[in-house]
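What follows is final-v8.cif (mmCIF, N, CA and C atoms).
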```cif
data_data
#
loop_
_atom_site.label_atom_id
_atom_site.label_comp_id
_atom_site.auth_asym_id
_atom_site.auth_seq_id
_atom_site.Cartn_x
_atom_site.Cartn_y
_atom_site.Cartn_z
N THR M 1 17.34 3.70 1.77
CA THR M 1 17.97 2.56 1.13
C THR M 1 17.19 2.19 -0.10
N GLY M 2 17.89 1.68 -1.10
CA GLY M 2 17.24 1.31 -2.34
C GLY M 2 17.12 -0.18 -2.48
N VAL M 3 16.42 -0.60 -3.51
CA VAL M 3 16.28 -2.01 -3.82
C VAL M 3 17.51 -2.43 -4.62
N GLN M 4 18.14 -3.50 -4.22
CA GLN M 4 19.30 -4.01 -4.94
C GLN M 4 18.83 -5.06 -5.94
N THR M 5 19.39 -5.01 -7.14
CA THR M 5 18.99 -5.96 -8.17
C THR M 5 20.22 -6.62 -8.76
N CYS M 6 19.98 -7.74 -9.36
CA CYS M 6 21.05 -8.47 -10.03
C CYS M 6 20.47 -9.07 -11.30
N ALA M 7 21.13 -8.83 -12.41
CA ALA M 7 20.62 -9.31 -13.69
C ALA M 7 21.05 -10.76 -13.97
N LEU M 8 21.89 -11.31 -13.12
CA LEU M 8 22.37 -12.67 -13.33
C LEU M 8 21.30 -13.69 -12.97
N PRO M 9 21.22 -14.76 -13.75
CA PRO M 9 20.26 -15.81 -13.38
C PRO M 9 20.74 -16.52 -12.11
N ILE M 10 19.78 -17.02 -11.33
CA ILE M 10 20.15 -17.75 -10.13
C ILE M 10 19.58 -19.16 -10.19
N SER M 11 20.26 -20.06 -9.53
CA SER M 11 19.83 -21.46 -9.52
C SER M 11 18.68 -21.63 -8.53
N PRO M 12 17.96 -22.73 -8.63
CA PRO M 12 16.90 -23.00 -7.66
C PRO M 12 17.43 -23.03 -6.21
N GLU M 13 18.64 -23.55 -6.03
CA GLU M 13 19.23 -23.60 -4.69
C GLU M 13 19.52 -22.19 -4.18
N GLN M 14 20.03 -21.32 -5.06
CA GLN M 14 20.30 -19.94 -4.67
C GLN M 14 19.00 -19.20 -4.35
N ARG M 15 17.99 -19.50 -5.13
CA ARG M 15 16.68 -18.86 -4.89
C ARG M 15 16.13 -19.27 -3.53
N LYS M 16 16.22 -20.57 -3.20
CA LYS M 16 15.73 -21.07 -1.92
C LYS M 16 16.52 -20.46 -0.76
N LEU M 17 17.83 -20.35 -0.89
CA LEU M 17 18.65 -19.74 0.14
C LEU M 17 18.27 -18.27 0.33
N THR M 18 18.08 -17.57 -0.78
CA THR M 18 17.68 -16.16 -0.71
C THR M 18 16.36 -16.02 0.03
N GLU M 19 15.38 -16.85 -0.30
CA GLU M 19 14.09 -16.81 0.39
C GLU M 19 14.24 -17.07 1.88
N THR M 20 15.03 -18.07 2.23
CA THR M 20 15.23 -18.41 3.64
C THR M 20 15.85 -17.23 4.39
N LEU M 21 16.86 -16.61 3.82
CA LEU M 21 17.52 -15.48 4.47
C LEU M 21 16.58 -14.28 4.61
N LEU M 22 15.84 -13.96 3.56
CA LEU M 22 14.98 -12.78 3.60
C LEU M 22 13.75 -12.98 4.48
N ARG M 23 13.24 -14.19 4.55
CA ARG M 23 12.07 -14.44 5.41
C ARG M 23 12.44 -14.24 6.88
N ALA M 24 13.72 -14.36 7.22
CA ALA M 24 14.14 -14.15 8.61
C ALA M 24 14.01 -12.70 9.04
N VAL M 25 14.00 -11.77 8.09
CA VAL M 25 13.93 -10.34 8.44
C VAL M 25 12.64 -9.66 7.98
N GLY M 26 11.77 -10.38 7.30
CA GLY M 26 10.52 -9.77 6.87
C GLY M 26 9.93 -10.45 5.67
N ASP M 27 8.95 -9.80 5.10
CA ASP M 27 8.24 -10.31 3.94
C ASP M 27 8.96 -9.87 2.67
N PHE M 28 8.78 -10.61 1.63
CA PHE M 28 9.38 -10.23 0.35
C PHE M 28 8.56 -10.86 -0.77
N VAL M 29 8.79 -10.38 -1.97
CA VAL M 29 8.15 -10.96 -3.15
C VAL M 29 9.19 -11.12 -4.24
N TRP M 30 8.96 -12.08 -5.10
CA TRP M 30 9.76 -12.23 -6.32
C TRP M 30 9.00 -11.50 -7.42
N VAL M 31 9.70 -10.79 -8.27
CA VAL M 31 9.06 -10.17 -9.42
C VAL M 31 9.56 -10.86 -10.68
N GLU M 32 8.77 -10.73 -11.74
CA GLU M 32 9.07 -11.46 -12.96
C GLU M 32 10.27 -10.90 -13.72
N ASN M 33 10.45 -9.57 -13.64
CA ASN M 33 11.57 -8.97 -14.37
C ASN M 33 12.03 -7.71 -13.65
N GLU M 34 13.17 -7.22 -14.04
CA GLU M 34 13.78 -6.08 -13.37
C GLU M 34 12.96 -4.80 -13.52
N GLN M 35 12.21 -4.67 -14.61
CA GLN M 35 11.40 -3.47 -14.80
C GLN M 35 10.31 -3.34 -13.73
N GLN M 36 9.88 -4.45 -13.16
CA GLN M 36 8.83 -4.41 -12.14
C GLN M 36 9.34 -3.84 -10.81
N ILE M 37 10.64 -3.73 -10.66
CA ILE M 37 11.19 -3.20 -9.41
C ILE M 37 10.76 -1.75 -9.20
N ASP M 38 10.61 -0.98 -10.27
CA ASP M 38 10.13 0.39 -10.14
C ASP M 38 8.71 0.42 -9.57
N ALA M 39 7.87 -0.52 -9.99
CA ALA M 39 6.50 -0.59 -9.45
C ALA M 39 6.52 -1.04 -8.00
N VAL M 40 7.43 -1.96 -7.66
CA VAL M 40 7.58 -2.38 -6.26
C VAL M 40 7.96 -1.18 -5.41
N THR M 41 8.88 -0.37 -5.88
CA THR M 41 9.29 0.84 -5.17
C THR M 41 8.10 1.78 -4.99
N ALA M 42 7.30 1.94 -6.05
CA ALA M 42 6.15 2.85 -6.01
C ALA M 42 5.09 2.40 -5.01
N VAL M 43 4.91 1.09 -4.87
CA VAL M 43 3.88 0.57 -3.97
C VAL M 43 4.43 0.37 -2.56
N SER M 44 5.50 -0.37 -2.44
CA SER M 44 5.99 -0.76 -1.13
C SER M 44 6.93 0.28 -0.52
N GLY M 45 7.77 0.88 -1.32
CA GLY M 45 8.69 1.89 -0.80
C GLY M 45 8.01 3.20 -0.48
N SER M 46 7.13 3.64 -1.37
CA SER M 46 6.42 4.91 -1.17
C SER M 46 5.10 4.73 -0.44
N GLY M 47 4.59 3.52 -0.39
CA GLY M 47 3.28 3.24 0.18
C GLY M 47 3.03 3.74 1.59
N PRO M 48 4.00 3.62 2.51
CA PRO M 48 3.74 4.15 3.85
C PRO M 48 3.36 5.63 3.84
N ALA M 49 3.97 6.42 2.97
CA ALA M 49 3.61 7.84 2.90
C ALA M 49 2.16 8.01 2.45
N TYR M 50 1.68 7.12 1.57
CA TYR M 50 0.28 7.21 1.14
C TYR M 50 -0.65 6.97 2.32
N VAL M 51 -0.31 5.99 3.15
CA VAL M 51 -1.14 5.67 4.31
C VAL M 51 -1.10 6.82 5.32
N PHE M 52 0.09 7.38 5.55
CA PHE M 52 0.19 8.51 6.47
C PHE M 52 -0.63 9.69 5.96
N TYR M 53 -0.61 9.90 4.66
CA TYR M 53 -1.41 10.99 4.09
C TYR M 53 -2.91 10.70 4.23
N LEU M 54 -3.29 9.43 4.12
CA LEU M 54 -4.69 9.05 4.33
C LEU M 54 -5.11 9.42 5.75
N VAL M 55 -4.24 9.19 6.73
CA VAL M 55 -4.55 9.57 8.11
C VAL M 55 -4.71 11.09 8.20
N GLU M 56 -3.81 11.83 7.56
CA GLU M 56 -3.91 13.30 7.56
C GLU M 56 -5.24 13.75 6.95
N ALA M 57 -5.59 13.17 5.81
CA ALA M 57 -6.81 13.55 5.10
C ALA M 57 -8.05 13.18 5.91
N LEU M 58 -8.04 12.01 6.52
CA LEU M 58 -9.18 11.58 7.33
C LEU M 58 -9.33 12.50 8.54
N ALA M 59 -8.23 12.87 9.17
CA ALA M 59 -8.28 13.78 10.31
C ALA M 59 -8.78 15.16 9.87
N ALA M 60 -8.33 15.63 8.73
CA ALA M 60 -8.80 16.94 8.23
C ALA M 60 -10.31 16.89 7.96
N ALA M 61 -10.79 15.79 7.40
CA ALA M 61 -12.22 15.65 7.14
C ALA M 61 -13.00 15.60 8.46
N ALA M 62 -12.42 14.96 9.47
CA ALA M 62 -13.07 14.90 10.78
C ALA M 62 -13.15 16.29 11.41
N ARG M 63 -12.07 17.09 11.25
CA ARG M 63 -12.10 18.47 11.75
C ARG M 63 -13.17 19.27 11.01
N ASP M 64 -13.26 19.06 9.70
CA ASP M 64 -14.27 19.74 8.90
C ASP M 64 -15.68 19.36 9.35
N ALA M 65 -15.82 18.15 9.88
CA ALA M 65 -17.12 17.68 10.38
C ALA M 65 -17.40 18.17 11.79
N GLY M 66 -16.46 18.93 12.36
CA GLY M 66 -16.72 19.54 13.66
C GLY M 66 -15.96 18.98 14.84
N LEU M 67 -15.11 17.98 14.63
CA LEU M 67 -14.36 17.42 15.74
C LEU M 67 -13.11 18.27 16.02
N SER M 68 -12.65 18.24 17.25
CA SER M 68 -11.42 18.96 17.60
C SER M 68 -10.23 18.30 16.91
N SER M 69 -9.14 19.02 16.79
CA SER M 69 -7.93 18.48 16.15
C SER M 69 -7.43 17.23 16.86
N ASP M 70 -7.40 17.27 18.19
CA ASP M 70 -6.91 16.12 18.95
C ASP M 70 -7.78 14.88 18.73
N VAL M 71 -9.07 15.06 18.81
CA VAL M 71 -9.99 13.94 18.62
C VAL M 71 -9.92 13.44 17.18
N ALA M 72 -9.86 14.35 16.23
CA ALA M 72 -9.82 13.97 14.81
C ALA M 72 -8.58 13.14 14.51
N GLU M 73 -7.43 13.60 14.98
CA GLU M 73 -6.21 12.83 14.70
C GLU M 73 -6.20 11.50 15.42
N ARG M 74 -6.65 11.49 16.66
CA ARG M 74 -6.68 10.23 17.41
C ARG M 74 -7.58 9.20 16.72
N LEU M 75 -8.77 9.63 16.31
CA LEU M 75 -9.69 8.71 15.64
C LEU M 75 -9.13 8.23 14.31
N ALA M 76 -8.54 9.14 13.54
CA ALA M 76 -7.98 8.76 12.24
C ALA M 76 -6.84 7.76 12.43
N ARG M 77 -5.94 8.05 13.37
CA ARG M 77 -4.82 7.12 13.63
C ARG M 77 -5.34 5.74 14.05
N ARG M 78 -6.23 5.72 15.03
CA ARG M 78 -6.70 4.43 15.56
C ARG M 78 -7.48 3.66 14.51
N THR M 79 -8.20 4.35 13.66
CA THR M 79 -8.96 3.68 12.61
C THR M 79 -8.01 2.96 11.65
N ILE M 80 -6.96 3.65 11.21
CA ILE M 80 -6.00 3.04 10.29
C ILE M 80 -5.21 1.93 10.98
N GLU M 81 -4.82 2.15 12.23
CA GLU M 81 -4.11 1.11 12.99
C GLU M 81 -4.97 -0.15 13.12
N GLY M 82 -6.25 0.04 13.47
CA GLY M 82 -7.14 -1.10 13.64
C GLY M 82 -7.40 -1.84 12.34
N ALA M 83 -7.58 -1.08 11.26
CA ALA M 83 -7.79 -1.71 9.96
C ALA M 83 -6.54 -2.47 9.54
N GLY M 84 -5.37 -1.89 9.78
CA GLY M 84 -4.11 -2.57 9.46
C GLY M 84 -3.93 -3.85 10.25
N ALA M 85 -4.27 -3.81 11.53
CA ALA M 85 -4.17 -5.00 12.37
C ALA M 85 -5.11 -6.09 11.86
N LEU M 86 -6.31 -5.69 11.48
CA LEU M 86 -7.28 -6.66 10.96
C LEU M 86 -6.76 -7.28 9.65
N LEU M 87 -6.19 -6.44 8.79
CA LEU M 87 -5.61 -6.96 7.55
C LEU M 87 -4.51 -7.97 7.85
N GLN M 88 -3.67 -7.66 8.82
CA GLN M 88 -2.55 -8.53 9.16
C GLN M 88 -3.02 -9.86 9.74
N GLN M 89 -4.08 -9.82 10.54
CA GLN M 89 -4.55 -11.02 11.23
C GLN M 89 -5.46 -11.89 10.39
N SER M 90 -6.03 -11.33 9.33
CA SER M 90 -7.04 -12.04 8.56
C SER M 90 -6.50 -12.50 7.21
N SER M 91 -6.94 -13.66 6.79
CA SER M 91 -6.60 -14.12 5.44
C SER M 91 -7.67 -13.70 4.43
N THR M 92 -8.70 -13.03 4.91
CA THR M 92 -9.79 -12.55 4.06
C THR M 92 -9.28 -11.42 3.17
N THR M 93 -9.75 -11.35 1.94
CA THR M 93 -9.31 -10.30 1.03
C THR M 93 -9.75 -8.93 1.54
N PRO M 94 -9.01 -7.88 1.19
CA PRO M 94 -9.44 -6.54 1.59
C PRO M 94 -10.85 -6.21 1.11
N GLY M 95 -11.21 -6.64 -0.08
CA GLY M 95 -12.56 -6.38 -0.58
C GLY M 95 -13.63 -7.03 0.29
N LYS M 96 -13.39 -8.24 0.71
CA LYS M 96 -14.36 -8.94 1.57
C LYS M 96 -14.42 -8.28 2.95
N LEU M 97 -13.26 -7.84 3.46
CA LEU M 97 -13.26 -7.12 4.74
C LEU M 97 -14.08 -5.83 4.62
N ARG M 98 -13.87 -5.10 3.52
CA ARG M 98 -14.64 -3.87 3.29
C ARG M 98 -16.12 -4.17 3.27
N GLU M 99 -16.50 -5.20 2.54
CA GLU M 99 -17.92 -5.56 2.46
C GLU M 99 -18.48 -5.94 3.82
N SER M 100 -17.65 -6.58 4.65
CA SER M 100 -18.13 -7.04 5.96
C SER M 100 -18.40 -5.88 6.92
N VAL M 101 -17.82 -4.73 6.68
CA VAL M 101 -18.07 -3.58 7.56
C VAL M 101 -18.97 -2.54 6.90
N THR M 102 -19.58 -2.90 5.78
CA THR M 102 -20.45 -1.98 5.04
C THR M 102 -21.89 -2.46 5.11
N SER M 103 -22.71 -1.75 5.86
CA SER M 103 -24.13 -2.09 5.95
C SER M 103 -24.86 -1.50 4.75
N PRO M 104 -25.69 -2.29 4.08
CA PRO M 104 -26.46 -1.77 2.96
C PRO M 104 -27.31 -0.56 3.40
N GLY M 105 -27.19 0.52 2.65
CA GLY M 105 -27.95 1.72 2.95
C GLY M 105 -27.39 2.52 4.11
N GLY M 106 -26.26 2.13 4.65
CA GLY M 106 -25.71 2.81 5.82
C GLY M 106 -24.71 3.90 5.50
N THR M 107 -24.08 4.39 6.54
CA THR M 107 -23.15 5.51 6.41
C THR M 107 -21.89 5.12 5.63
N THR M 108 -21.39 3.93 5.87
CA THR M 108 -20.18 3.49 5.16
C THR M 108 -20.45 3.37 3.67
N GLU M 109 -21.60 2.82 3.32
CA GLU M 109 -21.96 2.70 1.91
C GLU M 109 -22.05 4.07 1.25
N ALA M 110 -22.61 5.04 1.97
CA ALA M 110 -22.71 6.41 1.42
C ALA M 110 -21.33 6.99 1.14
N ALA M 111 -20.40 6.79 2.06
CA ALA M 111 -19.04 7.30 1.87
C ALA M 111 -18.32 6.54 0.76
N LEU M 112 -18.50 5.24 0.70
CA LEU M 112 -17.83 4.44 -0.33
C LEU M 112 -18.31 4.80 -1.73
N ARG M 113 -19.55 5.22 -1.88
CA ARG M 113 -20.02 5.66 -3.19
C ARG M 113 -19.16 6.81 -3.70
N VAL M 114 -18.75 7.69 -2.82
CA VAL M 114 -17.89 8.81 -3.19
C VAL M 114 -16.48 8.30 -3.49
N LEU M 115 -15.91 7.50 -2.59
CA LEU M 115 -14.54 7.01 -2.75
C LEU M 115 -14.38 6.08 -3.95
N MET M 116 -15.44 5.36 -4.29
CA MET M 116 -15.35 4.37 -5.36
C MET M 116 -15.90 4.89 -6.69
N ALA M 117 -16.22 6.17 -6.77
CA ALA M 117 -16.69 6.75 -8.03
C ALA M 117 -15.58 6.69 -9.07
N ASP M 118 -15.93 6.90 -10.33
CA ASP M 118 -14.95 6.81 -11.41
C ASP M 118 -13.73 7.69 -11.19
N ASN M 119 -13.91 8.84 -10.59
CA ASN M 119 -12.79 9.76 -10.34
C ASN M 119 -12.37 9.73 -8.88
N GLY M 120 -12.68 8.64 -8.18
CA GLY M 120 -12.43 8.53 -6.76
C GLY M 120 -11.04 8.02 -6.41
N LEU M 121 -10.96 7.37 -5.30
CA LEU M 121 -9.68 6.95 -4.73
C LEU M 121 -8.90 6.00 -5.63
N GLN M 122 -9.57 5.07 -6.30
CA GLN M 122 -8.86 4.13 -7.18
C GLN M 122 -8.12 4.87 -8.29
N GLU M 123 -8.78 5.82 -8.90
CA GLU M 123 -8.14 6.60 -9.97
C GLU M 123 -6.97 7.41 -9.42
N LEU M 124 -7.16 8.05 -8.29
CA LEU M 124 -6.07 8.82 -7.67
C LEU M 124 -4.89 7.93 -7.30
N MET M 125 -5.15 6.76 -6.74
CA MET M 125 -4.08 5.85 -6.35
C MET M 125 -3.34 5.33 -7.57
N THR M 126 -4.07 5.04 -8.63
CA THR M 126 -3.44 4.59 -9.88
C THR M 126 -2.52 5.67 -10.43
N GLN M 127 -2.98 6.91 -10.43
CA GLN M 127 -2.14 8.01 -10.90
C GLN M 127 -0.91 8.19 -10.02
N ALA M 128 -1.08 8.06 -8.71
CA ALA M 128 0.03 8.21 -7.78
C ALA M 128 1.08 7.13 -7.98
N VAL M 129 0.65 5.88 -8.11
CA VAL M 129 1.60 4.78 -8.31
C VAL M 129 2.30 4.91 -9.66
N ARG M 130 1.58 5.33 -10.68
CA ARG M 130 2.22 5.56 -11.98
C ARG M 130 3.28 6.65 -11.89
N ALA M 131 2.98 7.73 -11.18
CA ALA M 131 3.95 8.82 -11.04
C ALA M 131 5.19 8.35 -10.28
N ALA M 132 4.99 7.58 -9.22
CA ALA M 132 6.13 7.08 -8.44
C ALA M 132 6.93 6.06 -9.25
N THR M 133 6.25 5.21 -10.01
CA THR M 133 6.93 4.22 -10.85
C THR M 133 7.78 4.92 -11.90
N ARG M 134 7.19 5.92 -12.53
CA ARG M 134 7.91 6.70 -13.55
C ARG M 134 9.15 7.35 -12.94
N ARG M 135 8.99 7.95 -11.76
CA ARG M 135 10.11 8.63 -11.11
C ARG M 135 11.18 7.64 -10.68
N ALA M 136 10.79 6.47 -10.22
CA ALA M 136 11.77 5.44 -9.85
C ALA M 136 12.61 5.05 -11.06
N GLY M 137 11.96 4.92 -12.21
CA GLY M 137 12.68 4.60 -13.44
C GLY M 137 13.65 5.71 -13.82
N GLU M 138 13.21 6.95 -13.69
CA GLU M 138 14.09 8.09 -13.98
C GLU M 138 15.29 8.10 -13.05
N LEU M 139 15.06 7.86 -11.79
CA LEU M 139 16.15 7.86 -10.82
C LEU M 139 17.13 6.71 -11.07
N ALA M 140 16.60 5.56 -11.48
CA ALA M 140 17.46 4.41 -11.77
C ALA M 140 18.37 4.70 -12.97
N LYS M 141 17.83 5.38 -13.95
CA LYS M 141 18.61 5.70 -15.16
C LYS M 141 19.69 6.74 -14.87
N SER M 142 19.39 7.66 -13.95
CA SER M 142 20.35 8.74 -13.68
C SER M 142 21.38 8.35 -12.62
N GLY M 143 21.09 7.27 -11.90
CA GLY M 143 21.97 6.91 -10.78
C GLY M 143 22.95 5.89 -11.16
#
```

Go ahead and render the structure in this file as structure tokens.
Amino acid sequence: TGVQTCALPISPEQRKLTETLLRAVGDFVWVENEQQIDAVTAVSGSGPAYVFYLVEALAAAARDAGLSSDVAERLARRTIEGAGALLQQSSTTPGKLRESVTSPGGTTEAALRVLMADNGLQELMTQAVRAATRRAGELAKSG
């Protein structure tokens, strides 16, 4: 399913009704303009695949570290599930949560140095979201 858009202006009453209806079925955001819908698609629509791939990559790294396939996948899945649950339950920012589980000089800090390097995960995620945003725009124009 795609994101439905409307270029017509809406009244404050219509906006409030829309919010009330949509909150009954889940979370939503208002965007400033129609062009931002492609970025919403890139983050929210494609985002679950990014997380699933993170589980795959984490499990592959665990296998590379010597764990069996079953143990590697189970640990990777439970780690992402637990982190997601913590994100959902906490009002703390993701950055603060990350800091709270990172001991100075510890194993997590060593791994984060790699992930947070200039060519690390942030750069890859930015490239991925840009590619998905670009493709969403292409699909919108052709459809």

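Among the candidates M:Val25, M:Ile10, M:Val51, M:Ala117, the residue lying nearest to Ala83 in chain M is M:Val51 (atoms considered: only C-alpha atoms).
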
Evaluating the PyMOL selection byres (((chain M and resi 59 and name CA) around 12) and name CA) on the displayed file yields which residues, as a PDB file with N, CA and C atoms, in the frame of the given file?
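As a result, selection_26.pdb now contains:
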```pdb
ATOM      1  N   PHE M  52       0.090   7.380   5.550  1.00  0.00           N
ATOM      2  CA  PHE M  52       0.190   8.510   6.470  1.00  0.00           C
ATOM      3  C   PHE M  52      -0.630   9.690   5.960  1.00  0.00           C
ATOM      4  N   TYR M  53      -0.610   9.900   4.660  1.00  0.00           N
ATOM      5  CA  TYR M  53      -1.410  10.990   4.090  1.00  0.00           C
ATOM      6  C   TYR M  53      -2.910  10.700   4.230  1.00  0.00           C
ATOM      7  N   LEU M  54      -3.290   9.430   4.120  1.00  0.00           N
ATOM      8  CA  LEU M  54      -4.690   9.050   4.330  1.00  0.00           C
ATOM      9  C   LEU M  54      -5.110   9.420   5.750  1.00  0.00           C
ATOM     10  N   VAL M  55      -4.240   9.190   6.730  1.00  0.00           N
ATOM     11  CA  VAL M  55      -4.550   9.570   8.110  1.00  0.00           C
ATOM     12  C   VAL M  55      -4.710  11.090   8.200  1.00  0.00           C
ATOM     13  N   GLU M  56      -3.810  11.830   7.560  1.00  0.00           N
ATOM     14  CA  GLU M  56      -3.910  13.300   7.560  1.00  0.00           C
ATOM     15  C   GLU M  56      -5.240  13.750   6.950  1.00  0.00           C
ATOM     16  N   ALA M  57      -5.590  13.170   5.810  1.00  0.00           N
ATOM     17  CA  ALA M  57      -6.810  13.550   5.100  1.00  0.00           C
ATOM     18  C   ALA M  57      -8.050  13.180   5.910  1.00  0.00           C
ATOM     19  N   LEU M  58      -8.040  12.010   6.520  1.00  0.00           N
ATOM     20  CA  LEU M  58      -9.180  11.580   7.330  1.00  0.00           C
ATOM     21  C   LEU M  58      -9.330  12.500   8.540  1.00  0.00           C
ATOM     22  N   ALA M  60      -8.330  15.630   8.730  1.00  0.00           N
ATOM     23  CA  ALA M  60      -8.800  16.940   8.230  1.00  0.00           C
ATOM     24  C   ALA M  60     -10.310  16.890   7.960  1.00  0.00           C
ATOM     25  N   ALA M  61     -10.790  15.790   7.400  1.00  0.00           N
ATOM     26  CA  ALA M  61     -12.220  15.650   7.140  1.00  0.00           C
ATOM     27  C   ALA M  61     -13.000  15.600   8.460  1.00  0.00           C
ATOM     28  N   ALA M  62     -12.420  14.960   9.470  1.00  0.00           N
ATOM     29  CA  ALA M  62     -13.070  14.900  10.780  1.00  0.00           C
ATOM     30  C   ALA M  62     -13.150  16.290  11.410  1.00  0.00           C
ATOM     31  N   ARG M  63     -12.070  17.090  11.250  1.00  0.00           N
ATOM     32  CA  ARG M  63     -12.100  18.470  11.750  1.00  0.00           C
ATOM     33  C   ARG M  63     -13.170  19.270  11.010  1.00  0.00           C
ATOM     34  N   ASP M  64     -13.260  19.060   9.700  1.00  0.00           N
ATOM     35  CA  ASP M  64     -14.270  19.740   8.900  1.00  0.00           C
ATOM     36  C   ASP M  64     -15.680  19.360   9.350  1.00  0.00           C
ATOM     37  N   ALA M  65     -15.820  18.150   9.880  1.00  0.00           N
ATOM     38  CA  ALA M  65     -17.120  17.680  10.380  1.00  0.00           C
ATOM     39  C   ALA M  65     -17.400  18.170  11.790  1.00  0.00           C
ATOM     40  N   GLY M  66     -16.460  18.930  12.360  1.00  0.00           N
ATOM     41  CA  GLY M  66     -16.720  19.540  13.660  1.00  0.00           C
ATOM     42  C   GLY M  66     -15.960  18.980  14.840  1.00  0.00           C
ATOM     43  N   LEU M  67     -15.110  17.980  14.630  1.00  0.00           N
ATOM     44  CA  LEU M  67     -14.360  17.420  15.740  1.00  0.00           C
ATOM     45  C   LEU M  67     -13.110  18.270  16.020  1.00  0.00           C
ATOM     46  N   SER M  68     -12.650  18.240  17.250  1.00  0.00           N
ATOM     47  CA  SER M  68     -11.420  18.960  17.600  1.00  0.00           C
ATOM     48  C   SER M  68     -10.230  18.300  16.910  1.00  0.00           C
ATOM     49  N   SER M  69      -9.140  19.020  16.790  1.00  0.00           N
ATOM     50  CA  SER M  69      -7.930  18.480  16.150  1.00  0.00           C
ATOM     51  C   SER M  69      -7.430  17.230  16.860  1.00  0.00           C
ATOM     52  N   ASP M  70      -7.400  17.270  18.190  1.00  0.00           N
ATOM     53  CA  ASP M  70      -6.910  16.120  18.950  1.00  0.00           C
ATOM     54  C   ASP M  70      -7.780  14.880  18.730  1.00  0.00           C
ATOM     55  N   VAL M  71      -9.070  15.060  18.810  1.00  0.00           N
ATOM     56  CA  VAL M  71      -9.990  13.940  18.620  1.00  0.00           C
ATOM     57  C   VAL M  71      -9.920  13.440  17.180  1.00  0.00           C
ATOM     58  N   ALA M  72      -9.860  14.350  16.230  1.00  0.00           N
ATOM     59  CA  ALA M  72      -9.820  13.970  14.810  1.00  0.00           C
ATOM     60  C   ALA M  72      -8.580  13.140  14.510  1.00  0.00           C
ATOM     61  N   GLU M  73      -7.430  13.600  14.980  1.00  0.00           N
ATOM     62  CA  GLU M  73      -6.210  12.830  14.700  1.00  0.00           C
ATOM     63  C   GLU M  73      -6.200  11.500  15.420  1.00  0.00           C
ATOM     64  N   ARG M  74      -6.650  11.490  16.660  1.00  0.00           N
ATOM     65  CA  ARG M  74      -6.680  10.230  17.410  1.00  0.00           C
ATOM     66  C   ARG M  74      -7.580   9.200  16.720  1.00  0.00           C
ATOM     67  N   LEU M  75      -8.770   9.630  16.310  1.00  0.00           N
ATOM     68  CA  LEU M  75      -9.690   8.710  15.640  1.00  0.00           C
ATOM     69  C   LEU M  75      -9.130   8.230  14.310  1.00  0.00           C
ATOM     70  N   ALA M  76      -8.540   9.140  13.540  1.00  0.00           N
ATOM     71  CA  ALA M  76      -7.980   8.760  12.240  1.00  0.00           C
ATOM     72  C   ALA M  76      -6.840   7.760  12.430  1.00  0.00           C
ATOM     73  N   ARG M  77      -5.940   8.050  13.370  1.00  0.00           N
ATOM     74  CA  ARG M  77      -4.820   7.120  13.630  1.00  0.00           C
ATOM     75  C   ARG M  77      -5.340   5.740  14.050  1.00  0.00           C
ATOM     76  N   ARG M  78      -6.230   5.720  15.030  1.00  0.00           N
ATOM     77  CA  ARG M  78      -6.700   4.430  15.560  1.00  0.00           C
ATOM     78  C   ARG M  78      -7.480   3.660  14.510  1.00  0.00           C
ATOM     79  N   THR M  79      -8.200   4.350  13.660  1.00  0.00           N
ATOM     80  CA  THR M  79      -8.960   3.680  12.610  1.00  0.00           C
ATOM     81  C   THR M  79      -8.010   2.960  11.650  1.00  0.00           C
ATOM     82  N   ILE M  80      -6.960   3.650  11.210  1.00  0.00           N
ATOM     83  CA  ILE M  80      -6.000   3.040  10.290  1.00  0.00           C
ATOM     84  C   ILE M  80      -5.210   1.930  10.980  1.00  0.00           C
TER      85      ILE M  80
END
```

Go ahead and find all residues with at least one atom no further than 10 Å from (8.3, -0.2, -7.8) in the file's coordinates, using only C-alpha atoms; report them as a PyMOL selection string.
chain M and resi 3+34-46+129-130+132-137

Please report the interatomic distance between atom C of Ala110 in chain M and atom N of Gln122 in chain M in Å with one decimal.
14.0 Å

Could you pull out the residues in chain M that DSSP calls alpha helix (DSSP H) from the backbone, as a PyMOL selection string?
chain M and resi 12-23+36-40+47-64+69-89+94-100+107-115+121-142

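Between atom N of Ala128 in chain M and CA of Tyr50 in chain M the interatomic distance comes to 10.0 Å.
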
Atomic distance atom N of Leu112 in chain M - atom N of Ser100 in chain M, expressed in Å with one decimal:
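Pair atom N of Leu112 in chain M / atom N of Ser100 in chain M returns 12.5 Å.
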